[in-house]
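K.L.:
I'm passing along structure27.txt; it holds compact mmCIF, N, CA and C atoms.
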# COMPACT_ATOMS: atom_id res chain seq x y z
N MET D 1 71.33 83.53 -23.01
CA MET D 1 70.74 84.01 -24.22
C MET D 1 69.61 84.98 -23.86
N THR D 2 69.54 86.07 -24.59
CA THR D 2 68.51 87.04 -24.27
C THR D 2 67.19 86.62 -24.89
N SER D 3 66.14 86.94 -24.19
CA SER D 3 64.82 86.54 -24.65
C SER D 3 64.25 87.55 -25.63
N ARG D 4 63.20 87.14 -26.28
CA ARG D 4 62.52 88.00 -27.24
C ARG D 4 62.02 89.26 -26.55
N ALA D 5 61.49 89.10 -25.34
CA ALA D 5 60.95 90.24 -24.60
C ALA D 5 62.04 91.26 -24.29
N GLU D 6 63.24 90.78 -23.93
CA GLU D 6 64.34 91.70 -23.63
C GLU D 6 64.80 92.42 -24.89
N LYS D 7 64.87 91.71 -26.00
CA LYS D 7 65.25 92.33 -27.27
C LYS D 7 64.24 93.40 -27.67
N LEU D 8 62.97 93.08 -27.53
CA LEU D 8 61.93 94.05 -27.86
C LEU D 8 61.99 95.26 -26.94
N GLY D 9 62.30 95.03 -25.67
CA GLY D 9 62.44 96.13 -24.72
C GLY D 9 63.56 97.08 -25.12
N ARG D 10 64.68 96.51 -25.56
CA ARG D 10 65.79 97.36 -26.01
C ARG D 10 65.40 98.11 -27.29
N LEU D 11 64.68 97.44 -28.16
CA LEU D 11 64.24 98.08 -29.39
C LEU D 11 63.30 99.24 -29.09
N VAL D 12 62.40 99.05 -28.14
CA VAL D 12 61.48 100.12 -27.74
C VAL D 12 62.28 101.30 -27.20
N SER D 13 63.30 101.03 -26.39
CA SER D 13 64.12 102.11 -25.85
C SER D 13 64.80 102.90 -26.96
N LEU D 14 65.33 102.20 -27.94
CA LEU D 14 66.01 102.88 -29.05
C LEU D 14 65.04 103.72 -29.87
N VAL D 15 63.87 103.18 -30.13
CA VAL D 15 62.89 103.92 -30.92
C VAL D 15 62.39 105.13 -30.14
N LYS D 16 62.27 105.02 -28.82
CA LYS D 16 61.89 106.17 -28.00
C LYS D 16 62.96 107.26 -28.07
N LEU D 17 64.23 106.86 -28.04
CA LEU D 17 65.31 107.84 -28.16
C LEU D 17 65.26 108.52 -29.53
N GLN D 18 64.98 107.74 -30.55
CA GLN D 18 64.86 108.29 -31.90
C GLN D 18 63.71 109.29 -31.96
N LEU D 19 62.61 108.97 -31.29
CA LEU D 19 61.46 109.87 -31.24
C LEU D 19 61.83 111.17 -30.53
N ARG D 20 62.55 111.05 -29.41
CA ARG D 20 62.97 112.26 -28.68
C ARG D 20 63.86 113.14 -29.54
N LEU D 21 64.76 112.52 -30.32
CA LEU D 21 65.61 113.29 -31.22
C LEU D 21 64.79 114.00 -32.27
N SER D 22 63.81 113.32 -32.84
CA SER D 22 62.95 113.94 -33.84
C SER D 22 62.15 115.10 -33.24
N GLU D 23 61.68 114.93 -32.02
CA GLU D 23 60.94 116.00 -31.34
C GLU D 23 61.85 117.20 -31.09
N TRP D 24 63.10 116.93 -30.71
CA TRP D 24 64.05 118.01 -30.49
C TRP D 24 64.33 118.76 -31.79
N GLN D 25 64.50 118.00 -32.89
CA GLN D 25 64.73 118.63 -34.19
C GLN D 25 63.54 119.49 -34.59
N LEU D 26 62.33 119.01 -34.32
CA LEU D 26 61.13 119.79 -34.62
C LEU D 26 61.11 121.08 -33.80
N ALA D 27 61.47 120.98 -32.52
CA ALA D 27 61.51 122.17 -31.68
C ALA D 27 62.53 123.18 -32.20
N GLN D 28 63.67 122.69 -32.68
CA GLN D 28 64.69 123.58 -33.25
C GLN D 28 64.16 124.28 -34.51
N LEU D 29 63.45 123.54 -35.34
CA LEU D 29 62.88 124.13 -36.55
C LEU D 29 61.83 125.17 -36.20
N ARG D 30 61.03 124.89 -35.21
CA ARG D 30 60.01 125.87 -34.78
C ARG D 30 60.67 127.14 -34.26
N GLN D 31 61.76 126.99 -33.50
CA GLN D 31 62.49 128.15 -32.99
C GLN D 31 63.08 128.96 -34.14
N GLN D 32 63.64 128.26 -35.12
CA GLN D 32 64.20 128.93 -36.29
C GLN D 32 63.10 129.67 -37.06
N GLU D 33 61.94 129.05 -37.16
CA GLU D 33 60.81 129.67 -37.84
C GLU D 33 60.38 130.95 -37.12
N ARG D 34 60.32 130.90 -35.78
CA ARG D 34 59.95 132.09 -35.01
C ARG D 34 60.98 133.21 -35.20
N SER D 35 62.26 132.84 -35.21
CA SER D 35 63.31 133.85 -35.40
C SER D 35 63.18 134.53 -36.75
N LEU D 36 62.92 133.76 -37.78
CA LEU D 36 62.76 134.33 -39.12
C LEU D 36 61.51 135.22 -39.19
N GLN D 37 60.45 134.81 -38.53
CA GLN D 37 59.25 135.64 -38.51
C GLN D 37 59.49 136.95 -37.77
N ASP D 38 60.23 136.87 -36.67
CA ASP D 38 60.58 138.09 -35.93
C ASP D 38 61.42 139.02 -36.80
N GLU D 39 62.38 138.44 -37.53
CA GLU D 39 63.21 139.26 -38.42
C GLU D 39 62.36 139.88 -39.52
N GLN D 40 61.41 139.12 -40.06
CA GLN D 40 60.53 139.66 -41.08
C GLN D 40 59.74 140.85 -40.54
N ALA D 41 59.20 140.69 -39.34
CA ALA D 41 58.42 141.77 -38.74
C ALA D 41 59.29 143.02 -38.54
N TRP D 42 60.51 142.82 -38.10
CA TRP D 42 61.40 143.96 -37.89
C TRP D 42 61.72 144.64 -39.22
N LEU D 43 62.00 143.83 -40.26
CA LEU D 43 62.32 144.38 -41.57
C LEU D 43 61.14 145.15 -42.16
N VAL D 44 59.93 144.62 -42.02
CA VAL D 44 58.75 145.33 -42.51
C VAL D 44 58.58 146.64 -41.77
N GLY D 45 58.80 146.59 -40.45
CA GLY D 45 58.71 147.83 -39.66
C GLY D 45 59.77 148.84 -40.09
N ALA D 46 60.99 148.37 -40.33
CA ALA D 46 62.06 149.27 -40.77
C ALA D 46 61.77 149.82 -42.16
N PHE D 47 61.22 148.98 -43.02
CA PHE D 47 60.93 149.40 -44.39
C PHE D 47 59.82 150.45 -44.41
N ASN D 48 58.83 150.29 -43.54
CA ASN D 48 57.69 151.21 -43.50
C ASN D 48 57.93 152.42 -42.60
N GLY D 49 59.01 152.39 -41.84
CA GLY D 49 59.28 153.49 -40.91
C GLY D 49 59.68 154.76 -41.63
N ALA D 50 59.62 155.85 -40.86
CA ALA D 50 59.96 157.16 -41.43
C ALA D 50 61.45 157.22 -41.78
N GLU D 51 62.28 156.63 -40.93
CA GLU D 51 63.72 156.65 -41.19
C GLU D 51 64.23 155.22 -41.26
N LEU D 52 65.10 154.97 -42.21
CA LEU D 52 65.72 153.65 -42.35
C LEU D 52 66.84 153.50 -41.34
N PRO D 53 67.12 152.28 -40.90
CA PRO D 53 68.25 152.08 -39.98
C PRO D 53 69.55 152.55 -40.63
N ALA D 54 70.50 152.95 -39.82
CA ALA D 54 71.78 153.49 -40.32
C ALA D 54 72.48 152.45 -41.20
N GLY D 55 72.94 152.87 -42.35
CA GLY D 55 73.68 152.00 -43.26
C GLY D 55 72.81 151.10 -44.10
N SER D 56 71.50 151.29 -44.08
CA SER D 56 70.60 150.45 -44.86
C SER D 56 69.86 151.28 -45.89
N SER D 57 69.66 150.68 -47.03
CA SER D 57 68.83 151.33 -48.05
C SER D 57 67.55 150.53 -48.17
N SER D 58 66.58 151.11 -48.85
CA SER D 58 65.31 150.41 -49.02
C SER D 58 65.52 149.15 -49.86
N GLU D 59 66.46 149.20 -50.81
CA GLU D 59 66.74 148.02 -51.63
C GLU D 59 67.35 146.89 -50.80
N SER D 60 68.28 147.24 -49.92
CA SER D 60 68.91 146.19 -49.10
C SER D 60 67.91 145.57 -48.12
N ILE D 61 67.03 146.40 -47.59
CA ILE D 61 66.00 145.87 -46.69
C ILE D 61 65.04 144.97 -47.47
N ALA D 62 64.68 145.37 -48.68
CA ALA D 62 63.79 144.55 -49.51
C ALA D 62 64.44 143.21 -49.84
N ARG D 63 65.74 143.23 -50.16
CA ARG D 63 66.45 141.97 -50.45
C ARG D 63 66.48 141.06 -49.21
N ARG D 64 66.78 141.67 -48.06
CA ARG D 64 66.80 140.88 -46.82
C ARG D 64 65.42 140.31 -46.51
N LEU D 65 64.39 141.10 -46.74
CA LEU D 65 63.02 140.64 -46.49
C LEU D 65 62.67 139.49 -47.42
N THR D 66 63.06 139.58 -48.68
CA THR D 66 62.79 138.51 -49.64
C THR D 66 63.51 137.23 -49.24
N SER D 67 64.78 137.34 -48.91
CA SER D 67 65.54 136.13 -48.53
C SER D 67 65.03 135.55 -47.22
N THR D 68 64.61 136.40 -46.30
CA THR D 68 64.06 135.92 -45.03
C THR D 68 62.73 135.20 -45.27
N SER D 69 61.92 135.73 -46.17
CA SER D 69 60.63 135.09 -46.48
C SER D 69 60.84 133.72 -47.12
N VAL D 70 61.79 133.66 -48.05
CA VAL D 70 62.09 132.37 -48.70
C VAL D 70 62.60 131.38 -47.65
N GLY D 71 63.49 131.83 -46.78
CA GLY D 71 64.00 130.96 -45.71
C GLY D 71 62.90 130.49 -44.78
N ALA D 72 61.98 131.39 -44.45
CA ALA D 72 60.87 131.02 -43.55
C ALA D 72 59.99 129.97 -44.19
N ARG D 73 59.72 130.10 -45.49
CA ARG D 73 58.90 129.10 -46.17
C ARG D 73 59.60 127.74 -46.21
N ALA D 74 60.91 127.77 -46.46
CA ALA D 74 61.66 126.51 -46.49
C ALA D 74 61.66 125.84 -45.12
N VAL D 75 61.80 126.62 -44.07
CA VAL D 75 61.78 126.07 -42.71
C VAL D 75 60.40 125.53 -42.39
N GLN D 76 59.35 126.19 -42.84
CA GLN D 76 57.99 125.69 -42.61
C GLN D 76 57.78 124.33 -43.27
N VAL D 77 58.26 124.18 -44.50
CA VAL D 77 58.14 122.90 -45.20
C VAL D 77 58.91 121.82 -44.45
N GLN D 78 60.11 122.16 -44.03
CA GLN D 78 60.94 121.19 -43.30
C GLN D 78 60.28 120.83 -41.97
N ALA D 79 59.71 121.81 -41.28
CA ALA D 79 59.04 121.55 -40.01
C ALA D 79 57.80 120.67 -40.21
N SER D 80 57.10 120.87 -41.31
CA SER D 80 55.94 120.03 -41.62
C SER D 80 56.36 118.58 -41.82
N ARG D 81 57.44 118.38 -42.56
CA ARG D 81 57.95 117.02 -42.76
C ARG D 81 58.39 116.40 -41.44
N GLN D 82 59.05 117.21 -40.62
CA GLN D 82 59.53 116.70 -39.34
C GLN D 82 58.36 116.34 -38.44
N LEU D 83 57.29 117.12 -38.48
CA LEU D 83 56.11 116.81 -37.69
C LEU D 83 55.49 115.49 -38.13
N ASP D 84 55.44 115.26 -39.44
CA ASP D 84 54.94 113.98 -39.95
C ASP D 84 55.81 112.82 -39.45
N GLN D 85 57.12 113.04 -39.44
CA GLN D 85 58.04 112.00 -38.96
C GLN D 85 57.83 111.73 -37.48
N VAL D 86 57.63 112.79 -36.69
CA VAL D 86 57.38 112.61 -35.25
C VAL D 86 56.10 111.81 -35.03
N ARG D 87 55.07 112.12 -35.77
CA ARG D 87 53.81 111.39 -35.63
C ARG D 87 53.98 109.92 -36.00
N SER D 88 54.71 109.68 -37.08
CA SER D 88 54.95 108.31 -37.52
C SER D 88 55.74 107.52 -36.48
N GLU D 89 56.79 108.14 -35.95
CA GLU D 89 57.61 107.47 -34.94
C GLU D 89 56.82 107.25 -33.65
N SER D 90 55.95 108.16 -33.33
CA SER D 90 55.12 108.01 -32.14
C SER D 90 54.20 106.79 -32.28
N ARG D 91 53.60 106.63 -33.45
CA ARG D 91 52.77 105.44 -33.69
C ARG D 91 53.61 104.18 -33.60
N ARG D 92 54.81 104.22 -34.15
CA ARG D 92 55.69 103.05 -34.12
C ARG D 92 56.06 102.69 -32.69
N VAL D 93 56.32 103.69 -31.86
CA VAL D 93 56.64 103.42 -30.46
C VAL D 93 55.48 102.73 -29.77
N LYS D 94 54.27 103.22 -30.00
CA LYS D 94 53.09 102.63 -29.37
C LYS D 94 52.91 101.17 -29.81
N GLN D 95 53.10 100.92 -31.10
CA GLN D 95 52.95 99.55 -31.59
C GLN D 95 54.01 98.63 -30.99
N LEU D 96 55.26 99.09 -30.96
CA LEU D 96 56.33 98.27 -30.40
C LEU D 96 56.14 98.04 -28.91
N GLU D 97 55.63 99.04 -28.20
CA GLU D 97 55.36 98.86 -26.77
C GLU D 97 54.31 97.77 -26.55
N GLN D 98 53.30 97.74 -27.39
CA GLN D 98 52.28 96.70 -27.26
C GLN D 98 52.85 95.32 -27.53
N VAL D 99 53.69 95.21 -28.57
CA VAL D 99 54.31 93.92 -28.89
C VAL D 99 55.23 93.49 -27.77
N ALA D 100 56.01 94.43 -27.24
CA ALA D 100 56.94 94.10 -26.15
C ALA D 100 56.17 93.70 -24.89
N LYS D 101 55.07 94.37 -24.63
CA LYS D 101 54.24 94.04 -23.46
C LYS D 101 53.68 92.61 -23.58
N ALA D 102 53.22 92.27 -24.79
CA ALA D 102 52.69 90.92 -25.01
C ALA D 102 53.79 89.87 -24.88
N ALA D 103 54.97 90.16 -25.40
CA ALA D 103 56.09 89.21 -25.30
C ALA D 103 56.51 89.02 -23.85
N LEU D 104 56.51 90.10 -23.08
CA LEU D 104 56.86 89.99 -21.66
C LEU D 104 55.82 89.18 -20.91
N ALA D 105 54.55 89.39 -21.23
CA ALA D 105 53.48 88.63 -20.58
C ALA D 105 53.63 87.14 -20.91
N ASP D 106 53.97 86.82 -22.17
CA ASP D 106 54.20 85.43 -22.55
C ASP D 106 55.35 84.83 -21.77
N LYS D 107 56.41 85.61 -21.65
CA LYS D 107 57.60 85.14 -20.92
C LYS D 107 57.26 84.87 -19.46
N LEU D 108 56.51 85.77 -18.85
CA LEU D 108 56.12 85.59 -17.45
C LEU D 108 55.20 84.39 -17.27
N ARG D 109 54.25 84.20 -18.19
CA ARG D 109 53.35 83.04 -18.12
C ARG D 109 54.15 81.74 -18.21
N GLU D 110 55.10 81.72 -19.14
CA GLU D 110 55.91 80.52 -19.33
C GLU D 110 56.76 80.23 -18.08
N ALA D 111 57.32 81.29 -17.49
CA ALA D 111 58.13 81.11 -16.28
C ALA D 111 57.26 80.62 -15.12
N GLU D 112 56.06 81.16 -15.02
CA GLU D 112 55.14 80.72 -13.96
C GLU D 112 54.74 79.27 -14.17
N LYS D 113 54.51 78.89 -15.40
CA LYS D 113 54.13 77.52 -15.71
C LYS D 113 55.26 76.56 -15.34
N ARG D 114 56.49 76.92 -15.70
CA ARG D 114 57.64 76.07 -15.34
C ARG D 114 57.81 75.99 -13.83
N SER D 115 57.61 77.10 -13.16
CA SER D 115 57.74 77.12 -11.71
C SER D 115 56.70 76.21 -11.05
N LEU D 116 55.48 76.27 -11.53
CA LEU D 116 54.44 75.40 -10.97
C LEU D 116 54.73 73.93 -11.26
N GLU D 117 55.25 73.64 -12.44
CA GLU D 117 55.60 72.26 -12.77
C GLU D 117 56.73 71.76 -11.87
N ASP D 118 57.71 72.62 -11.62
CA ASP D 118 58.82 72.24 -10.75
C ASP D 118 58.36 72.01 -9.32
N MET D 119 57.44 72.86 -8.86
CA MET D 119 56.94 72.70 -7.49
C MET D 119 56.12 71.43 -7.35
N ALA D 120 55.37 71.10 -8.36
CA ALA D 120 54.55 69.89 -8.32
C ALA D 120 55.38 68.65 -8.62
N GLY D 121 56.55 68.86 -9.19
CA GLY D 121 57.42 67.74 -9.52
C GLY D 121 56.95 66.97 -10.73
N THR D 122 56.14 67.58 -11.53
CA THR D 122 55.63 66.90 -12.72
C THR D 122 55.91 67.73 -13.95
N ARG D 123 55.99 67.05 -15.01
CA ARG D 123 56.05 67.69 -16.32
C ARG D 123 54.79 67.26 -17.03
N PRO D 124 54.35 68.02 -17.98
CA PRO D 124 53.13 67.60 -18.68
C PRO D 124 53.35 66.22 -19.30
N ALA D 125 52.40 65.37 -19.03
CA ALA D 125 52.50 64.00 -19.53
C ALA D 125 52.21 63.98 -21.01
N THR D 126 53.08 63.33 -21.74
CA THR D 126 52.84 63.13 -23.16
C THR D 126 52.49 61.67 -23.35
N PRO D 127 51.49 61.40 -24.09
CA PRO D 127 51.09 60.00 -24.26
C PRO D 127 52.18 59.22 -24.98
N ASP D 128 52.36 58.01 -24.53
CA ASP D 128 53.35 57.12 -25.15
C ASP D 128 52.64 56.37 -26.26
N TRP D 129 52.73 56.90 -27.44
CA TRP D 129 52.00 56.35 -28.58
C TRP D 129 52.51 54.98 -28.97
N THR D 130 53.75 54.72 -28.75
CA THR D 130 54.28 53.42 -29.15
C THR D 130 53.69 52.30 -28.31
N SER D 131 53.53 52.52 -27.00
CA SER D 131 52.97 51.46 -26.17
C SER D 131 51.48 51.28 -26.44
N MET D 132 50.78 52.37 -26.75
CA MET D 132 49.35 52.24 -27.07
C MET D 132 49.16 51.45 -28.35
N THR D 133 49.99 51.68 -29.32
CA THR D 133 49.89 50.96 -30.59
C THR D 133 50.21 49.50 -30.39
N ALA D 134 51.20 49.23 -29.57
CA ALA D 134 51.59 47.84 -29.33
C ALA D 134 50.48 47.10 -28.61
N SER D 135 49.82 47.74 -27.63
CA SER D 135 48.77 47.03 -26.91
C SER D 135 47.56 46.82 -27.79
N ARG D 136 47.29 47.70 -28.73
CA ARG D 136 46.17 47.51 -29.65
C ARG D 136 46.45 46.36 -30.60
N ASN D 137 47.68 46.23 -30.98
CA ASN D 137 48.04 45.15 -31.91
C ASN D 137 47.93 43.77 -31.25
N ARG D 138 48.12 43.70 -29.95
CA ARG D 138 48.07 42.42 -29.26
C ARG D 138 46.65 41.91 -29.12
N THR D 139 45.69 42.78 -29.00
CA THR D 139 44.31 42.32 -28.77
C THR D 139 43.56 42.01 -30.01
Could you write out this file's structure as structure tokens?

P.N.:
Amino acid sequence: MTSRAEKLGRLVSLVKLQLRLSEWQLAQLRQQERSLQDEQAWLVGAFNGAELPAGSSSESIARRLTSTSVGARAVQVQASRQLDQVRSESRRVKQLEQVAKAALADKLREAEKRSLEDMAGTRPATPDWTSMTASRNRT
């Protein structure tokens, strides 16, 4: 049978993997945000330039700039939510690590206690309440 400490250790591993996934998703959102900002900068430069790129009109560039701006704002909101999730999961990992550490320490203390009892050949003595009561009744 697996112990509480082992179960908590597996849980910590899973939560750490979940945290890594959230961090990766955040990095992807940040990269997407940078790409959209770069596209915005290029579109503004093209719009303000003396000559428009071949096959583009000022209206099409303005539409692309508007849609890129809307997309950038949406990605920023999503990245903000993802950052909050990463922070939350990070706190959860720290809390679970502390609980797992305490459970492992308890398990080790208990194993050491049993080992010492086995080496001494004794188990903790429990008072025999029935014999004490009987001897009190006799006197």

K.L.:
Under the rule that all atoms listed in the file are counted, which of D:Val86, D:Ala72, D:Leu108, D:Ala54 is the nearest residue to D:Leu19?

P.N.:
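Of D:Val86, D:Ala72, D:Leu108, D:Ala54, the one nearest D:Leu19, counting all atoms listed in the file, is D:Val86.
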
K.L.:
Using atom CA of D:Gly45 and atom CA of D:Leu29 as the two end points, give the distance in Å to one decimal.

P.N.:
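Those two atoms sit 24.3 Å apart.
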
K.L.:
Using atom CA of D:Gln37 and atom CA of D:Ser22 as the two end points, give the distance in Å to one decimal.

P.N.:
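Straight-line distance from atom CA of D:Gln37 to atom CA of D:Ser22 works out to 22.5 Å.
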
K.L.:
Give one line per residue of stretch 80-99 of chain D that approaches stretch 103-107 of chain D to at most 8 Å, naming the two atoms of the closest pair and their distance in Å to one decimal, counting only N, CA and C atoms; sort by chain then ascending residue number and deliver it as CSV.

P.N.:
residue,atom,partner,partner_atom,distance
D:Glu97,C,D:Ala103,N,7.7
D:Gln98,C,D:Ala103,N,6.0
D:Val99,C,D:Ala103,N,4.1

K.L.:
Which of these residues is nearest to D:Arg87, using only C-alpha atoms: D:Ala111, D:Val70, D:Leu26, D:Ala100?

P.N.:
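Ranking D:Ala111, D:Val70, D:Leu26, D:Ala100 by distance to D:Arg87, first place goes to D:Leu26.
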
K.L.:
To one decimal place, how far is atom CA of D:Ser67 from atom CA of D:Arg81 in Å?

P.N.:
21.4 Å

K.L.:
Might you pull out every residue within 12 Å of D:Arg20, with only C-alpha atoms counted and same-chain residues fewer than 4 positions away left off, and present them as an NGL selection string?

P.N.:
:D and (13-16 or 24-27 or 85-87 or 89-90 or 93)

K.L.:
Keeping N, CA and C atoms, export the residues of the selection given above as a compact mmCIF listing (two decimals), in the coordinates of the input.

P.N.:
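Generated file (part-v6.txt):
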# COMPACT_ATOMS: atom_id res chain seq x y z
N SER D 13 63.30 101.03 -26.39
CA SER D 13 64.12 102.11 -25.85
C SER D 13 64.80 102.90 -26.96
N LEU D 14 65.33 102.20 -27.94
CA LEU D 14 66.01 102.88 -29.05
C LEU D 14 65.04 103.72 -29.87
N VAL D 15 63.87 103.18 -30.13
CA VAL D 15 62.89 103.92 -30.92
C VAL D 15 62.39 105.13 -30.14
N LYS D 16 62.27 105.02 -28.82
CA LYS D 16 61.89 106.17 -28.00
C LYS D 16 62.96 107.26 -28.07
N TRP D 24 63.10 116.93 -30.71
CA TRP D 24 64.05 118.01 -30.49
C TRP D 24 64.33 118.76 -31.79
N GLN D 25 64.50 118.00 -32.89
CA GLN D 25 64.73 118.63 -34.19
C GLN D 25 63.54 119.49 -34.59
N LEU D 26 62.33 119.01 -34.32
CA LEU D 26 61.13 119.79 -34.62
C LEU D 26 61.11 121.08 -33.80
N ALA D 27 61.47 120.98 -32.52
CA ALA D 27 61.51 122.17 -31.68
C ALA D 27 62.53 123.18 -32.20
N GLN D 85 57.12 113.04 -39.44
CA GLN D 85 58.04 112.00 -38.96
C GLN D 85 57.83 111.73 -37.48
N VAL D 86 57.63 112.79 -36.69
CA VAL D 86 57.38 112.61 -35.25
C VAL D 86 56.10 111.81 -35.03
N ARG D 87 55.07 112.12 -35.77
CA ARG D 87 53.81 111.39 -35.63
C ARG D 87 53.98 109.92 -36.00
N GLU D 89 56.79 108.14 -35.95
CA GLU D 89 57.61 107.47 -34.94
C GLU D 89 56.82 107.25 -33.65
N SER D 90 55.95 108.16 -33.33
CA SER D 90 55.12 108.01 -32.14
C SER D 90 54.20 106.79 -32.28
N VAL D 93 56.32 103.69 -31.86
CA VAL D 93 56.64 103.42 -30.46
C VAL D 93 55.48 102.73 -29.77

K.L.:
Can you check which residues of chain D DSSP gives as helix (DSSP H, G or I) on the backbone and send them as a PyMOL selection string?

P.N.:
chain D and resi 4-48+58-120+129-138
